[in-house]
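The structure file data_29.tsv is reproduced below (TSV, C-alpha atoms and all ligand atoms).
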```tsv
chain	number	residue	atom	x	y	z
G	1	MET	CA	2.13	-20.66	-12.34
G	2	HIS	CA	-1.02	-21.92	-10.67
G	3	ILE	CA	-3.90	-19.51	-11.21
G	4	PHE	CA	-6.85	-19.67	-8.82
G	5	GLU	CA	-10.15	-17.85	-9.21
G	6	LYS	CA	-11.92	-19.86	-6.52
G	7	ILE	CA	-11.10	-20.12	-2.84
G	8	GLY	CA	-11.61	-23.90	-2.50
G	9	PRO	CA	-8.88	-25.04	-4.92
G	10	LEU	CA	-6.51	-22.36	-3.58
G	11	GLU	CA	-7.04	-23.57	-0.01
G	12	ASP	CA	-6.43	-27.18	-1.09
G	13	TYR	CA	-3.20	-26.19	-2.82
G	14	LEU	CA	-2.00	-24.17	0.19
G	15	ASP	CA	-2.89	-27.03	2.55
G	16	SER	CA	-0.70	-29.34	0.49
G	17	CYS	CA	2.15	-26.80	0.72
G	18	ARG	CA	1.75	-26.68	4.50
G	19	GLU	CA	1.74	-30.49	4.66
G	20	ASP	CA	5.12	-30.36	2.90
G	21	ASN	CA	6.28	-27.86	5.54
G	22	ARG	CA	6.54	-25.06	3.01
G	23	SER	CA	6.07	-21.55	4.39
G	24	ILE	CA	3.78	-19.16	2.52
G	25	THR	CA	4.04	-15.43	1.78
G	26	LEU	CA	1.12	-13.42	0.45
G	27	VAL	CA	1.58	-10.28	-1.63
G	28	PRO	CA	-1.83	-8.57	-1.83
G	29	THR	CA	-2.22	-6.31	-4.88
G	30	MET	CA	-4.92	-4.66	-6.92
G	31	GLY	CA	-3.12	-5.56	-10.15
G	32	GLY	CA	-1.87	-2.92	-12.56
G	33	LEU	CA	1.47	-4.43	-11.62
G	34	HIS	CA	4.64	-2.35	-11.99
G	35	GLU	CA	8.28	-2.59	-10.95
G	36	GLY	CA	7.33	-1.57	-7.38
G	37	HIS	CA	5.10	-4.66	-7.03
G	38	LEU	CA	7.88	-6.84	-8.43
G	39	GLN	CA	10.12	-5.62	-5.59
G	40	LEU	CA	7.46	-6.71	-3.08
G	41	ILE	CA	7.46	-10.12	-4.72
G	42	GLU	CA	11.26	-10.35	-4.63
G	43	LYS	CA	11.07	-9.63	-0.90
G	44	ALA	CA	8.33	-12.26	-0.54
G	45	LYS	CA	10.57	-14.87	-2.17
G	46	GLU	CA	13.24	-14.13	0.45
G	47	CYS	CA	10.70	-14.65	3.24
G	48	SER	CA	9.35	-18.10	2.45
G	49	ASP	CA	9.27	-21.20	0.27
G	50	MET	CA	6.30	-20.17	-1.81
G	51	VAL	CA	4.61	-16.93	-2.84
G	52	VAL	CA	0.95	-16.22	-3.57
G	53	VAL	CA	0.14	-12.92	-5.27
G	54	SER	CA	-3.49	-11.82	-5.03
G	55	VAL	CA	-4.88	-9.55	-7.73
G	56	PHE	CA	-8.18	-8.07	-6.68
G	57	VAL	CA	-9.48	-4.52	-7.12
G	58	ASN	CA	-11.31	-4.33	-3.83
G	59	PRO	CA	-14.55	-2.38	-4.29
G	60	THR	CA	-15.03	-1.70	-0.58
G	61	GLN	CA	-12.01	0.57	-0.30
G	62	PHE	CA	-13.31	3.01	-2.92
G	63	ALA	CA	-16.00	5.60	-2.22
G	64	GLU	CA	-18.72	6.30	-4.81
G	65	ASN	CA	-16.86	9.31	-6.20
G	66	GLU	CA	-13.49	7.53	-6.47
G	67	ASP	CA	-11.71	5.69	-9.27
G	68	PHE	CA	-12.94	2.11	-8.78
G	69	LYS	CA	-14.35	1.91	-12.33
G	70	ALA	CA	-11.33	3.61	-13.88
G	71	TYR	CA	-8.75	1.60	-11.90
G	72	PRO	CA	-6.52	-0.20	-14.43
G	73	LYS	CA	-7.55	-3.83	-14.87
G	74	THR	CA	-4.67	-5.52	-16.64
G	75	LEU	CA	-5.13	-9.14	-15.63
G	76	SER	CA	-3.51	-10.79	-18.66
G	77	GLU	CA	-0.50	-8.48	-18.47
G	78	ASP	CA	-0.29	-9.10	-14.71
G	79	LYS	CA	-0.35	-12.88	-15.33
G	80	ARG	CA	2.42	-12.58	-17.90
G	81	LEU	CA	4.59	-10.57	-15.50
G	82	LEU	CA	4.03	-12.95	-12.58
G	83	GLU	CA	4.77	-15.95	-14.78
G	84	ALA	CA	7.97	-14.30	-16.02
G	85	ILE	CA	9.27	-13.87	-12.48
G	86	LYS	CA	8.22	-17.41	-11.54
G	87	VAL	CA	5.56	-16.70	-8.95
G	88	GLU	CA	4.11	-20.02	-7.81
G	89	ALA	CA	0.47	-19.01	-7.36
G	90	MET	CA	-1.81	-16.17	-8.36
G	91	PHE	CA	-5.19	-15.64	-6.71
G	92	ALA	CA	-7.46	-13.58	-8.96
G	93	PRO	CA	-10.92	-13.94	-7.41
G	94	LEU	CA	-14.26	-12.50	-8.44
G	95	ASP	CA	-16.11	-10.13	-6.07
G	96	ASN	CA	-18.66	-12.74	-4.99
G	97	GLU	CA	-15.85	-15.14	-4.13
G	98	VAL	CA	-14.29	-12.63	-1.74
G	99	TYR	CA	-17.55	-11.26	-0.33
G	100	PRO	CA	-20.12	-14.06	-0.60
G	101	ASP	CA	-22.34	-12.54	2.10
G	102	GLY	CA	-22.04	-8.94	0.98
G	103	ASN	CA	-19.44	-6.76	2.61
G	104	SER	CA	-21.04	-5.44	5.73
G	105	GLN	CA	-18.34	-6.19	8.30
G	106	ASP	CA	-16.86	-3.11	9.89
G	107	TYR	CA	-13.37	-2.94	11.33
G	108	ASP	CA	-12.16	-0.61	13.98
G	109	VAL	CA	-9.26	1.01	12.16
G	110	GLY	CA	-8.67	3.19	15.21
G	111	GLU	CA	-7.54	6.78	15.43
G	112	MET	CA	-4.90	6.11	12.81
G	113	GLY	CA	-7.62	5.47	10.24
G	114	LYS	CA	-9.29	8.82	10.85
G	115	ILE	CA	-6.37	11.13	10.12
G	116	LEU	CA	-4.40	12.06	6.98
G	117	CYS	CA	-5.88	10.01	4.08
G	118	GLY	CA	-8.73	8.94	6.39
G	119	ILE	CA	-10.11	12.50	6.32
G	120	SER	CA	-10.74	12.69	2.59
G	121	ARG	CA	-11.28	8.91	2.26
G	122	PRO	CA	-13.37	8.05	5.35
G	123	ILE	CA	-14.33	4.51	4.25
G	124	HIS	CA	-11.02	3.61	2.63
G	125	PHE	CA	-9.12	2.01	5.49
G	126	ASN	CA	-12.16	0.07	6.67
G	127	GLY	CA	-12.31	-1.44	3.16
G	128	VAL	CA	-8.59	-2.19	3.19
G	129	ALA	CA	-8.86	-3.86	6.61
G	130	GLN	CA	-11.84	-5.85	5.38
G	131	VAL	CA	-10.12	-7.24	2.30
G	132	VAL	CA	-6.78	-7.84	4.01
G	133	SER	CA	-8.36	-9.82	6.85
G	134	ARG	CA	-10.42	-11.77	4.33
G	135	LEU	CA	-7.30	-12.58	2.30
G	136	PHE	CA	-5.41	-13.55	5.46
G	137	ASP	CA	-8.32	-15.80	6.42
G	138	ILE	CA	-8.18	-17.57	3.07
G	139	VAL	CA	-4.41	-17.81	2.57
G	140	LYS	CA	-3.28	-17.98	6.24
G	141	PRO	CA	0.13	-16.70	5.19
G	142	ASP	CA	3.22	-16.89	7.38
G	143	TYR	CA	4.30	-13.54	5.93
G	144	ALA	CA	2.57	-10.76	3.99
G	145	VAL	CA	4.42	-8.00	2.15
G	146	PHE	CA	3.27	-4.40	1.74
G	147	GLY	CA	4.89	-1.28	0.28
G	148	GLU	CA	5.94	1.66	2.43
G	149	LYS	CA	4.46	4.13	-0.05
G	150	ASP	CA	1.08	3.37	1.52
G	151	TYR	CA	2.55	4.02	4.94
G	152	GLN	CA	-0.69	4.75	6.79
G	153	GLN	CA	-2.19	1.56	5.34
G	154	LEU	CA	0.90	-0.38	6.48
G	155	LEU	CA	0.57	0.82	10.09
G	156	ILE	CA	-3.17	0.16	10.14
G	157	ILE	CA	-2.61	-3.40	8.88
G	158	LYS	CA	0.15	-3.96	11.46
G	159	SER	CA	-2.16	-2.83	14.26
G	160	LEU	CA	-5.06	-4.92	12.91
G	161	VAL	CA	-2.85	-8.02	12.90
G	162	GLU	CA	-1.72	-7.29	16.44
G	163	ARG	CA	-5.21	-6.62	17.80
G	164	GLN	CA	-6.75	-9.66	16.13
G	165	GLY	CA	-3.87	-11.96	17.10
G	166	ILE	CA	-3.31	-12.93	13.45
G	167	LYS	CA	-0.18	-15.07	13.12
G	168	THR	CA	1.13	-13.40	9.98
G	169	THR	CA	4.35	-11.41	10.04
G	170	ILE	CA	3.99	-8.11	8.19
G	171	VAL	CA	7.02	-7.26	6.09
G	172	SER	CA	7.43	-3.88	4.42
G	173	VAL	CA	9.45	-2.76	1.43
G	174	PRO	CA	10.75	0.79	0.79
G	175	THR	CA	9.11	2.80	-1.97
G	176	LEU	CA	10.53	2.22	-5.42
G	177	ARG	CA	10.99	5.43	-7.41
G	178	GLU	CA	11.25	6.37	-11.06
G	179	SER	CA	14.60	7.91	-12.06
G	180	ASP	CA	13.08	11.39	-11.48
G	181	GLY	CA	12.20	10.46	-7.88
G	182	THR	CA	8.45	10.01	-8.43
G	183	ALA	CA	7.12	7.11	-6.36
G	184	MET	CA	5.96	4.24	-8.57
G	185	SER	CA	2.20	3.90	-8.51
G	186	THR	CA	-0.47	2.36	-10.70
G	187	ARG	CA	-2.21	5.75	-10.55
G	188	ASN	CA	0.72	7.49	-12.28
G	189	ASN	CA	-0.83	6.04	-15.46
G	190	TYR	CA	-3.68	8.51	-15.09
G	191	LEU	CA	-1.39	11.54	-15.39
G	192	SER	CA	-1.38	13.59	-18.61
G	193	PRO	CA	2.13	14.09	-20.08
G	194	GLU	CA	2.14	17.64	-18.69
G	195	ASP	CA	1.10	16.50	-15.19
G	196	ARG	CA	3.63	13.65	-15.33
G	197	ALA	CA	6.33	16.20	-16.10
G	198	ASN	CA	5.29	18.20	-13.00
G	199	ALA	CA	4.96	15.17	-10.69
G	200	PRO	CA	8.65	15.00	-9.55
G	201	LEU	CA	8.21	18.31	-7.68
G	202	PHE	CA	6.16	16.41	-5.09
G	203	TYR	CA	8.99	14.16	-3.86
G	204	GLN	CA	11.53	16.97	-4.35
G	205	GLN	CA	9.61	19.05	-1.81
G	206	LEU	CA	9.49	16.18	0.70
G	207	VAL	CA	13.26	15.91	0.31
G	208	ALA	CA	13.51	19.70	0.77
G	209	ILE	CA	11.55	19.48	4.06
G	210	LYS	CA	13.89	16.77	5.33
G	211	ALA	CA	16.94	18.84	4.36
G	212	ALA	CA	15.51	21.97	6.00
G	213	ILE	CA	14.80	20.08	9.25
G	214	GLN	CA	18.30	18.63	9.14
G	215	ASN	CA	19.66	22.16	8.76
G	216	GLY	CA	17.84	23.24	11.88
G	217	THR	CA	14.76	24.89	10.36
G	218	ASP	CA	11.72	24.39	12.56
G	219	ILE	CA	9.14	21.96	11.25
G	220	SER	CA	6.33	24.41	10.60
G	221	SER	CA	8.58	26.76	8.58
G	222	ALA	CA	9.96	23.79	6.62
G	223	THR	CA	6.50	22.46	5.74
G	224	GLY	CA	5.15	25.99	5.16
G	225	GLN	CA	7.84	26.66	2.56
G	226	ALA	CA	7.17	23.35	0.78
G	227	LEU	CA	3.42	23.97	0.89
G	228	GLU	CA	3.89	27.30	-0.84
G	229	THR	CA	6.02	25.74	-3.60
G	230	LEU	CA	3.70	22.75	-4.06
G	231	SER	CA	0.56	24.87	-4.13
G	232	GLY	CA	1.63	26.39	-7.44
G	233	VAL	CA	1.21	23.02	-9.13
G	234	PHE	CA	-0.76	20.68	-6.85
G	235	ASP	CA	-3.82	20.83	-4.68
G	236	VAL	CA	-2.24	19.86	-1.39
G	237	GLU	CA	-4.54	17.73	0.77
G	238	TYR	CA	-2.14	17.46	3.70
G	239	ILE	CA	1.55	17.65	4.41
G	240	GLU	CA	2.67	16.63	7.89
G	241	VAL	CA	5.76	15.73	9.86
G	242	LEU	CA	4.84	13.05	12.42
G	243	ASN	CA	6.10	10.22	14.60
G	244	ALA	CA	6.66	7.40	12.08
G	245	ASN	CA	5.71	4.69	14.56
G	246	ASN	CA	2.15	5.82	15.21
G	247	LEU	CA	1.49	8.97	13.14
G	248	THR	CA	1.09	11.15	16.24
G	249	GLN	CA	2.70	14.55	16.72
G	250	ILE	CA	6.43	14.29	17.28
G	251	THR	CA	7.88	14.96	20.69
G	252	THR	CA	11.47	15.41	21.78
G	253	SER	CA	11.67	11.64	22.30
G	254	SER	CA	10.35	10.63	18.84
G	255	ASN	CA	13.19	8.94	17.04
G	256	GLU	CA	11.58	7.88	13.80
G	257	ILE	CA	10.05	10.72	11.84
G	258	ILE	CA	7.86	10.66	8.75
G	259	ILE	CA	7.19	13.46	6.29
G	260	ILE	CA	3.91	12.36	4.74
G	261	SER	CA	1.68	14.02	2.17
G	262	ALA	CA	-1.21	13.64	-0.26
G	263	VAL	CA	-1.74	15.95	-3.22
G	264	ARG	CA	-3.95	16.16	-6.25
G	265	LEU	CA	-2.54	16.74	-9.68
G	266	GLY	CA	-5.45	17.28	-12.06
G	267	GLU	CA	-7.85	14.44	-11.29
G	268	THR	CA	-5.13	12.21	-9.87
G	269	ARG	CA	-4.44	11.80	-6.17
G	270	LEU	CA	-0.82	11.04	-5.28
G	271	ILE	CA	0.64	10.07	-1.89
G	272	ASP	CA	4.25	9.88	-0.81
G	273	ASN	CA	6.42	9.95	2.30
G	274	ILE	CA	9.97	9.95	3.62
G	275	VAL	CA	10.89	8.21	6.89
G	276	PHE	CA	14.10	9.11	8.71
G	277	ARG	CA	15.63	8.84	12.16
G	278	ARG	CA	16.09	11.85	14.37
G	279	SER	CA	19.69	10.75	14.85
G	280	ASP	CA	20.10	11.52	11.11
G	281	VAL	CA	19.04	15.12	11.85
G	301	LIG	O1	-2.15	-1.35	-1.43
G	301	LIG	C1	-2.99	-1.93	-2.17
G	301	LIG	O2	-2.76	-2.19	-3.37
G	301	LIG	C2	-4.35	-2.30	-1.59
G	301	LIG	O3	-4.81	-1.33	-0.70
G	301	LIG	C3	-4.38	-3.71	-0.96
G	301	LIG	C4	-3.45	-3.80	0.25
G	301	LIG	C5	-3.97	-4.74	-2.00
G	301	LIG	C6	-5.79	-4.03	-0.48
G	301	LIG	O4	-6.72	-4.01	-1.53
```
In structure tokens, how does this file's structure come out?
Amino acid sequence: MHIFEKIGPLEDYLDSCREDNRSITLVPTMGGLHEGHLQLIEKAKECSDMVVVSVFVNPTQFAENEDFKAYPKTLSEDKRLLEAIKVEAMFAPLDNEVYPDGNSQDYDVGEMGKILCGISRPIHFNGVAQVVSRLFDIVKPDYAVFGEKDYQQLLIIKSLVERQGIKTTIVSVPTLRESDGTAMSTRNNYLSPEDRANAPLFYQQLVAIKAAIQNGTDISSATGQALETLSGVFDVEYIEVLNANNLTQITTSSNEIIIISAVRLGETRLIDNIVFRRSDV
């Protein structure tokens, strides 16, 4: 595997790939790689001739009071994993490589960035947009792969790409779950054994909302019931049933529906969602 810490040599390598007519897929990550990331990489391999995985814990998407310092930094383990699955190139830059002129650029993340996670994390999506456009600028990928667990992030990136006319196709991969249903996440590592044992209730309640809606229960009763059950264990930040295409309120014509939620379990913030079609209802 080619490992790049500097932009220049990475760009040279990618230019030589393009000269050989090889298409490029980028998988942006913050490291702490788990099985869920490996699925993104498998998808990336299906998309193109070569795959670049970036590993960069982006400081601009964390607020002062968030877990930037505590975020797992497991670079040598990440390298070992990527080598084992034969990733062609890893980009593991330093902060000053990514943001040589500081990180002042603001992005309009639109209305979608101000709701749900954007309420408790007001600078988060701006930071995500900043690093993703920077990575796209450097790698100029034909495809980029993101997980559907971070669904709001996925839609914001899709709209950023559209508005800025970036020629990268955004590909998404369904959430990978542990055998107990819990969505795989680097942040699951923060959970105490007791909290980890309670975590599956989160997804179970999203499934319960979907089942209740499918059985004809109205949305507010379905979410109200789940909220009551979840509140015994979690601090529920939000739990909403929305149009999955744009995260607006659903109307009679909304076909794709998302049940989306963020909760806190101890100090750990967890997010999850289920997307389904109204025709499944
Ligand atoms: O989803 C993530 O891991 C991050 O938000 C991303 C897209 C790599 C940007 O730092």
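Distance check against ligand LIG 301 (chain G) using all atoms listed in the file: of G:Val98, G:Val52, G:Leu154, G:Ile258, the minimum falls on G:Leu154.
With CA of Asn215 in chain G on one side and CA of Leu155 in chain G on the other, the separation reads 28.7 Å.
Here atom C4 of ligand LIG 301 (chain G) and CA of Leu40 in chain G stand 11.8 Å from one another.
The smallest atom-to-atom distance between Ser120 in chain G and any of G:Asp108, G:Glu5, G:Asp49, G:Glu66, using all atoms listed in the file, is found for G:Glu66.
Residues in contact with ligand LIG 301 (chain G) comprise Pro28, Thr29, Met30, Phe56, Val57, Asn58, Val128, Val131, Val132, Phe146 and Asp150 of chain G, where contact means an atom-to-atom distance of at most 7 Å counting all atoms listed in the file.
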